[in-house]
Amino acid sequence: MELYYSFSVLIVLSAIFSYINARFLKLPASIGVMVIALLVSMGLIATDSLFPRIFLGISTLIASVDLTEILMGAMLNFLLFAGAIHIHLEDLREQRLPVIIFSTVSVVISTFVIGFLMFNLLPLTGIQIPLIQCLVFGALISPTDPIAVLGILKQAGVPKSLETKIAGESLFNDGMAVVVFILMLALARGEEVNTSFSGISMLLIKEALGGIALGMVLGFVGSQMIYRVDGYNVHVLITLAIVMGGHLVAQAMHMSGPLAMVAAGLVVGNYGKNLGGVSETERDYIDKFWELVDEILNAILFLIIGFELLLIPDLKQYGWAGVIAIAVVLFARFVSIYIPVKLIPFRNKFGKKSITILVWGGLRGGVSIALALSIDNELNKEILLAVTYFVVLFSIIVQGLTVGKLTAKMSNAEEASATRE
């Protein structure tokens with residue numbers, strides 16, 4: 001009953017905030033819900049003494065939500081499948097090399113750049129954190145968030161090739177990011193870790209490649225089941241079974257559930273829905289169902305992110321650390337894109353515009369917060385969570401609201417330059 005109560009409150013608040021946003025703010029849906037939740041959180045903090053019961057009630061509700069478990073263990077699987085099912089494999093195939101490089105090599109480069117810069121710059125704010133803990137922060141903040149990216153790029157007007165690169169990277173970088181995060185967190189805890197090339201390679205193969213292989217099998221089996229029966233209701237149930245059952249199988253086999261869902265979604269979206277026995281109406285029902293799931297879960301997730309402010313004590317004292325973290329993360333993102341672009345002979349050249357949009361469009365979101373919440377308290381969790389929150393807020397609100405305008409501005413500048421020439 002307690003779970004039902006919590007979920008009911010979150011749905012009601014998501015609906016109210018979505019209405020306010022659609023009626024008055026008119027921001028992108030996810031950002032609007034999060035901004036309203038932030039404003040409500042700040043209002044509750046400011047009026048704590050006037051409305052203690054309301055403050056305590058919402059704080060208790062958000063504290064009862066295990067974001068790490070709910071996001072990484074459940075919501076992320078649904079959201080990744082919903083995102084992948086709408087991506088055309090042909091577009092992804094054309095951009096496969098940049099997607100692979102940005103979701104692996106760039107994550108590692110970013111992790112170390114962020115870790116070393118934070119270790120050297122945080123003392124300027126009076127905060128001293130061991131290098132390995134700074135590297136833990138680098139690992140959790142380096143992957144671009146598929147939920148934030150997919151939700152915002154739809155409305156940003158980013159060119160198709162760049163949208164595919166950014167979306168593809170965000171879908172696939174979880175495998176590498178989780179492996180790096182697991183290694184750094186284990187080292188920070190003082191655990192014995194096999195950091196040899198073979199040890200890390202085996203972990204990556206099992207976690208990432210195993211997850212992708214599992215997802216392809218699930219997607220193929222589910223597609224064959226969809227092909228052999230009529231009825232959109234059965235088709236939708238099969239896709240739900242792929243996500244929910246696939247997560248359980250991936251967890252039992254210690255493989256990457258998120259990557260399994262990406263692979264399964266791509267197979268169902270590009271193979272299962274296009275088999276001869278599936279009618280246009282049935283394909284439309286599958287698409288509409290997963291679009292609705294995507295919208296509802298996004299609203300709930302961004303609502304929770306906005307209310308997480310209530311759970312971070314004395315956030316203001318980490319303000320300058322947050323500013324430094326924002327600058328460092330953006331710089332590391334630039335370095336992690338610029339180095340591969342200059343060293344690897346990609347088929348399509350990356351100009352200044354492409355690099356700028358790739359850097360600015362690499363949004364961070366709930367995944368980073370969920371990973372930060374999983375850190376042990378004795379590893380400076382409060383500080384790392386606070387700076388993560390600053391980066392995520394800046395990323396979603398500032399970068400998310402301006403990436404479309406930046407793209408349009410750079411496109412107009414290019415057209416003007418071509419006209420003058």
# chains A, B, ... in the order shown; residues from 1 in each chain; ligands from 1
>>> closest_atom_pairs(of="stretch 133-177 of chain A", to="stretch 324-343 of chain A", cutoff="9 Å", atoms="only C-alpha atoms", output="Markdown table")
| residue | atom | partner | partner_atom | distance |
| --- | --- | --- | --- | --- |
| A:Gly138 | CA | A:Val329 | CA | 8.3 |
| A:Ile141 | CA | A:Val329 | CA | 7.7 |
| A:Ser142 | CA | A:Val329 | CA | 7.6 |
>>> residues_around(residues="A:Gly32", least_positions_apart="3", cutoff="10 Å", atoms="only C-alpha atoms", output="ChimeraX atom specification")
/A:17-22,24-29,35-38,299,302-303,397
>>> write_last_selection(atoms="N, CA and C atoms", output="mmCIF file, in the first residue's frame")
data_model
loop_
_atom_site.group_PDB
_atom_site.id
_atom_site.type_symbol
_atom_site.label_atom_id
_atom_site.label_comp_id
_atom_site.auth_asym_id
_atom_site.auth_seq_id
_atom_site.Cartn_x
_atom_site.Cartn_y
_atom_site.Cartn_z
ATOM 1 N N PHE A 17 2.113 19.444 -12.472
ATOM 2 C CA PHE A 17 3.249 20.225 -12.972
ATOM 3 C C PHE A 17 3.286 20.243 -14.497
ATOM 4 N N SER A 18 2.905 19.139 -15.126
ATOM 5 C CA SER A 18 2.852 19.087 -16.593
ATOM 6 C C SER A 18 1.795 20.040 -17.120
ATOM 7 N N TYR A 19 0.665 20.109 -16.417
ATOM 8 C CA TYR A 19 -0.402 21.041 -16.808
ATOM 9 C C TYR A 19 0.070 22.493 -16.679
ATOM 10 N N ILE A 20 0.694 22.811 -15.537
ATOM 11 C CA ILE A 20 1.182 24.183 -15.326
ATOM 12 C C ILE A 20 2.197 24.555 -16.404
ATOM 13 N N ASN A 21 3.081 23.615 -16.727
ATOM 14 C CA ASN A 21 4.082 23.886 -17.748
ATOM 15 C C ASN A 21 3.446 24.096 -19.125
ATOM 16 N N ALA A 22 2.518 23.199 -19.496
ATOM 17 C CA ALA A 22 1.868 23.304 -20.810
ATOM 18 C C ALA A 22 0.990 24.551 -20.903
ATOM 19 N N PHE A 24 1.319 27.486 -18.901
ATOM 20 C CA PHE A 24 1.942 28.779 -18.646
ATOM 21 C C PHE A 24 3.409 28.858 -19.096
ATOM 22 N N LEU A 25 4.255 27.948 -18.636
ATOM 23 C CA LEU A 25 5.691 28.059 -18.929
ATOM 24 C C LEU A 25 6.015 27.706 -20.371
ATOM 25 N N LYS A 26 5.366 26.671 -20.901
ATOM 26 C CA LYS A 26 5.563 26.208 -22.287
ATOM 27 C C LYS A 26 7.022 25.826 -22.570
ATOM 28 N N LEU A 27 7.680 25.249 -21.563
ATOM 29 C CA LEU A 27 9.026 24.705 -21.742
ATOM 30 C C LEU A 27 8.912 23.272 -22.263
ATOM 31 N N PRO A 28 10.019 22.692 -22.781
ATOM 32 C CA PRO A 28 9.978 21.260 -23.095
ATOM 33 C C PRO A 28 9.474 20.488 -21.876
ATOM 34 N N ALA A 29 8.633 19.482 -22.109
ATOM 35 C CA ALA A 29 7.886 18.831 -21.029
ATOM 36 C C ALA A 29 8.749 18.430 -19.830
ATOM 37 N N VAL A 35 11.778 22.116 -13.531
ATOM 38 C CA VAL A 35 11.889 23.508 -13.084
ATOM 39 C C VAL A 35 10.822 23.814 -12.035
ATOM 40 N N ILE A 36 9.603 23.376 -12.283
ATOM 41 C CA ILE A 36 8.524 23.617 -11.308
ATOM 42 C C ILE A 36 8.825 22.892 -9.995
ATOM 43 N N ALA A 37 9.312 21.646 -10.083
ATOM 44 C CA ALA A 37 9.673 20.901 -8.873
ATOM 45 C C ALA A 37 10.791 21.606 -8.112
ATOM 46 N N LEU A 38 11.746 22.165 -8.838
ATOM 47 C CA LEU A 38 12.830 22.924 -8.200
ATOM 48 C C LEU A 38 12.287 24.146 -7.477
ATOM 49 N N ALA A 299 8.381 12.297 -17.056
ATOM 50 C CA ALA A 299 7.785 13.296 -16.155
ATOM 51 C C ALA A 299 8.059 12.944 -14.698
ATOM 52 N N PHE A 302 11.983 13.399 -13.875
ATOM 53 C CA PHE A 302 12.427 14.782 -13.747
ATOM 54 C C PHE A 302 11.769 15.472 -12.557
ATOM 55 N N LEU A 303 10.585 15.012 -12.188
ATOM 56 C CA LEU A 303 9.965 15.494 -10.951
ATOM 57 C C LEU A 303 10.824 15.114 -9.747
ATOM 58 N N ILE A 397 18.837 22.363 -17.650
ATOM 59 C CA ILE A 397 18.138 23.638 -17.807
ATOM 60 C C ILE A 397 18.838 24.543 -18.818
#
>>> residues_around(residues="stretch 41-44 of chain A", least_positions_apart="6", cutoff="12 Å", atoms="only C-alpha atoms", output="compact mmCIF listing (two decimals) with N, CA, C and O atoms, in the first residue's frame")
# COMPACT_ATOMS: atom_id res chain seq x y z
N MET A 34 10.70 19.59 -14.18
CA MET A 34 11.81 19.68 -13.26
C MET A 34 11.95 21.10 -12.70
O MET A 34 12.22 21.29 -11.50
N VAL A 35 11.78 22.12 -13.53
CA VAL A 35 11.89 23.51 -13.08
C VAL A 35 10.82 23.81 -12.03
O VAL A 35 11.11 24.44 -11.00
N LEU A 50 7.04 27.74 8.27
CA LEU A 50 5.62 28.06 8.12
C LEU A 50 4.79 26.83 7.77
O LEU A 50 3.65 26.68 8.20
N PHE A 51 5.37 25.96 6.92
CA PHE A 51 4.64 24.76 6.49
C PHE A 51 5.48 23.51 6.76
O PHE A 51 5.88 22.80 5.83
N PRO A 52 5.76 23.23 8.03
CA PRO A 52 6.65 22.10 8.36
C PRO A 52 6.08 20.74 7.93
O PRO A 52 6.81 19.85 7.53
N ARG A 53 4.75 20.58 8.01
CA ARG A 53 4.16 19.29 7.68
C ARG A 53 4.28 19.00 6.18
O ARG A 53 4.54 17.86 5.78
N ILE A 54 4.06 20.03 5.36
CA ILE A 54 4.19 19.84 3.91
C ILE A 54 5.63 19.52 3.55
O ILE A 54 5.91 18.61 2.77
N PHE A 55 6.56 20.29 4.13
CA PHE A 55 7.99 20.07 3.87
C PHE A 55 8.40 18.65 4.27
O PHE A 55 9.06 17.94 3.52
N LEU A 56 7.97 18.26 5.47
CA LEU A 56 8.33 16.93 5.97
C LEU A 56 7.69 15.84 5.11
O LEU A 56 8.34 14.82 4.81
N GLY A 57 6.45 16.05 4.70
CA GLY A 57 5.75 15.05 3.90
C GLY A 57 6.42 14.78 2.57
O GLY A 57 6.67 13.62 2.20
N ILE A 58 6.74 15.87 1.84
CA ILE A 58 7.38 15.69 0.54
C ILE A 58 8.80 15.18 0.70
O ILE A 58 9.25 14.31 -0.06
N SER A 59 9.52 15.68 1.71
CA SER A 59 10.89 15.21 1.95
C SER A 59 10.89 13.71 2.25
O SER A 59 11.74 12.97 1.75
N ILE A 62 10.20 11.73 -1.03
CA ILE A 62 11.35 11.67 -1.94
C ILE A 62 12.46 10.80 -1.33
O ILE A 62 13.13 10.05 -2.04
N LEU A 303 10.59 15.01 -12.19
CA LEU A 303 9.96 15.49 -10.95
C LEU A 303 10.82 15.11 -9.75
O LEU A 303 11.10 15.95 -8.88
N ILE A 304 11.26 13.85 -9.70
CA ILE A 304 12.09 13.38 -8.59
C ILE A 304 13.41 14.14 -8.56
O ILE A 304 13.89 14.54 -7.49
N ILE A 305 14.02 14.37 -9.74
CA ILE A 305 15.29 15.12 -9.79
C ILE A 305 15.10 16.51 -9.20
O ILE A 305 15.93 17.00 -8.43
N GLY A 306 14.00 17.17 -9.54
CA GLY A 306 13.74 18.51 -9.00
C GLY A 306 13.58 18.49 -7.50
O GLY A 306 14.09 19.37 -6.79
N PHE A 307 12.91 17.46 -6.96
CA PHE A 307 12.68 17.38 -5.51
C PHE A 307 13.89 16.84 -4.75
O PHE A 307 13.90 16.91 -3.52
N GLU A 308 14.87 16.27 -5.46
CA GLU A 308 16.08 15.79 -4.77
C GLU A 308 16.79 16.94 -4.03
O GLU A 308 17.56 16.71 -3.11
N LEU A 309 16.50 18.17 -4.45
CA LEU A 309 17.08 19.34 -3.77
C LEU A 309 16.79 19.32 -2.28
O LEU A 309 17.60 19.78 -1.46
N LEU A 310 15.63 18.77 -1.90
CA LEU A 310 15.24 18.73 -0.49
C LEU A 310 16.13 17.81 0.33
O LEU A 310 16.19 17.93 1.56
N LEU A 311 16.82 16.89 -0.34
CA LEU A 311 17.60 15.87 0.38
C LEU A 311 19.09 16.20 0.46
O LEU A 311 19.85 15.43 1.04
N ILE A 312 19.51 17.30 -0.17
CA ILE A 312 20.93 17.67 -0.14
C ILE A 312 21.12 18.80 0.87
O ILE A 312 20.77 19.95 0.60
N LEU A 315 23.24 22.84 0.46
CA LEU A 315 23.71 22.84 -0.93
C LEU A 315 24.48 24.12 -1.26
O LEU A 315 25.45 24.09 -2.03
N LYS A 316 24.08 25.24 -0.63
CA LYS A 316 24.70 26.53 -0.94
C LYS A 316 26.20 26.56 -0.62
O LYS A 316 26.96 27.25 -1.29
>>> select_by_dssp(residues="stretch 109-209 of chain A", states="alpha helix (DSSP H)", output="PyMOL selection string")
chain A and resi 109-121+131-141+146-153+160-188+197-204
>>> residues_around(residues="A:Ser374", least_positions_apart="5", cutoff="9 Å", atoms="only C-alpha atoms", output="MDAnalysis selection string")
chainID A and resid 68 369 381
>>> write_last_selection(atoms="C-alpha atoms", output="tab-separated table (two decimals), in the first residue's frame")
chain	number	residue	atom	x	y	z
A	68	THR	CA	19.45	4.36	-7.71
A	369	ILE	CA	22.53	11.44	-9.75
A	381	LYS	CA	29.17	11.31	-0.75
>>> closest_atom_pairs(of="stretch 168-240 of chain A", to="stretch 88-100 of chain A", cutoff="12 Å", atoms="only C-alpha atoms", output="Markdown table")
| residue | atom | partner | partner_atom | distance |
| --- | --- | --- | --- | --- |
| A:Gly168 | CA | A:Val99 | CA | 5.7 |
| A:Glu169 | CA | A:Val99 | CA | 4.9 |
| A:Ser170 | CA | A:Val99 | CA | 8.7 |
| A:Leu171 | CA | A:Val99 | CA | 9.3 |
| A:Phe172 | CA | A:Ile100 | CA | 7.8 |
| A:Asn173 | CA | A:Ile100 | CA | 8.4 |
| A:Asp174 | CA | A:Ile100 | CA | 11.8 |
| A:Gly175 | CA | A:Ile100 | CA | 11.3 |
| A:Met176 | CA | A:Ile100 | CA | 10.4 |
>>> residues_around(residues="A:Gly199", least_positions_apart="6", cutoff="12 Å", atoms="only C-alpha atoms", output="list in words")
Val179, Leu183, Val193, Ile205 and Lys206 of chain A
>>> closest_atom_pairs(of="stretch 88-169 of chain A", to="stretch 236-258 of chain A", cutoff="12 Å", atoms="only C-alpha atoms", output="CSV")
residue,atom,partner,partner_atom,distance
A:Asp145,CA,A:Pro258,CA,11.9
A:Pro146,CA,A:Pro258,CA,10.2
A:Ile147,CA,A:Pro258,CA,11.7
>>> atom_distance(atom1="atom CA of A:Thr111", atom2="atom CA of A:Leu135")
6.3 Å
>>> closest_residue(among="A:Gly231, A:Gly322, A:Pro159, A:Gly351", to="A:Leu122", atoms="only C-alpha atoms")
A:Gly322
>>> residues_around(residues="A:Tyr232", least_positions_apart="5", cutoff="9 Å", atoms="only C-alpha atoms", output="list of chain:residue names")
A:Ile226, A:Leu237, A:Thr281, A:Glu282, A:Arg283, A:Asp284, A:Tyr285, A:Ile286
>>> residues_around(residues="A:Asn274", least_positions_apart="6", cutoff="10 Å", atoms="only C-alpha atoms", output="compact mmCIF listing (two decimals) with all heavy atoms, in the first residue's frame")
# COMPACT_ATOMS: atom_id res chain seq x y z
N SER A 223 10.35 -10.60 -31.44
CA SER A 223 9.89 -10.25 -32.79
C SER A 223 9.20 -11.42 -33.46
O SER A 223 8.17 -11.26 -34.13
CB SER A 223 11.08 -9.78 -33.65
OG SER A 223 11.65 -8.60 -33.13
N TYR A 227 5.33 -11.62 -34.70
CA TYR A 227 5.01 -12.00 -36.09
C TYR A 227 3.97 -13.11 -36.15
O TYR A 227 3.13 -13.13 -37.06
CB TYR A 227 6.31 -12.43 -36.78
CG TYR A 227 6.12 -13.07 -38.14
CD1 TYR A 227 5.65 -12.32 -39.22
CD2 TYR A 227 6.41 -14.41 -38.34
CE1 TYR A 227 5.49 -12.89 -40.47
CE2 TYR A 227 6.23 -15.01 -39.58
CZ TYR A 227 5.78 -14.24 -40.65
OH TYR A 227 5.61 -14.82 -41.87
N VAL A 268 13.57 -4.97 -32.17
CA VAL A 268 12.11 -4.94 -32.31
C VAL A 268 11.67 -3.79 -33.21
O VAL A 268 10.80 -3.95 -34.07
CB VAL A 268 11.44 -4.81 -30.92
CG1 VAL A 268 9.93 -4.59 -31.07
CG2 VAL A 268 11.70 -6.06 -30.08
N GLU A 280 0.02 -2.13 -40.25
CA GLU A 280 0.37 -0.74 -39.96
C GLU A 280 -0.30 -0.28 -38.67
O GLU A 280 0.30 0.44 -37.86
CB GLU A 280 -0.07 0.14 -41.12
CG GLU A 280 0.36 1.60 -41.00
CD GLU A 280 1.88 1.76 -41.01
OE1 GLU A 280 2.55 1.06 -41.78
OE2 GLU A 280 2.38 2.59 -40.22
N ARG A 283 1.61 -1.73 -35.71
CA ARG A 283 2.88 -1.00 -35.51
C ARG A 283 2.61 0.34 -34.84
O ARG A 283 3.37 0.76 -33.95
CB ARG A 283 3.57 -0.77 -36.87
CG ARG A 283 4.32 -1.98 -37.38
CD ARG A 283 5.29 -1.59 -38.49
NE ARG A 283 4.58 -1.20 -39.71
CZ ARG A 283 4.24 -2.05 -40.67
NH1 ARG A 283 4.53 -3.33 -40.56
NH2 ARG A 283 3.61 -1.62 -41.74
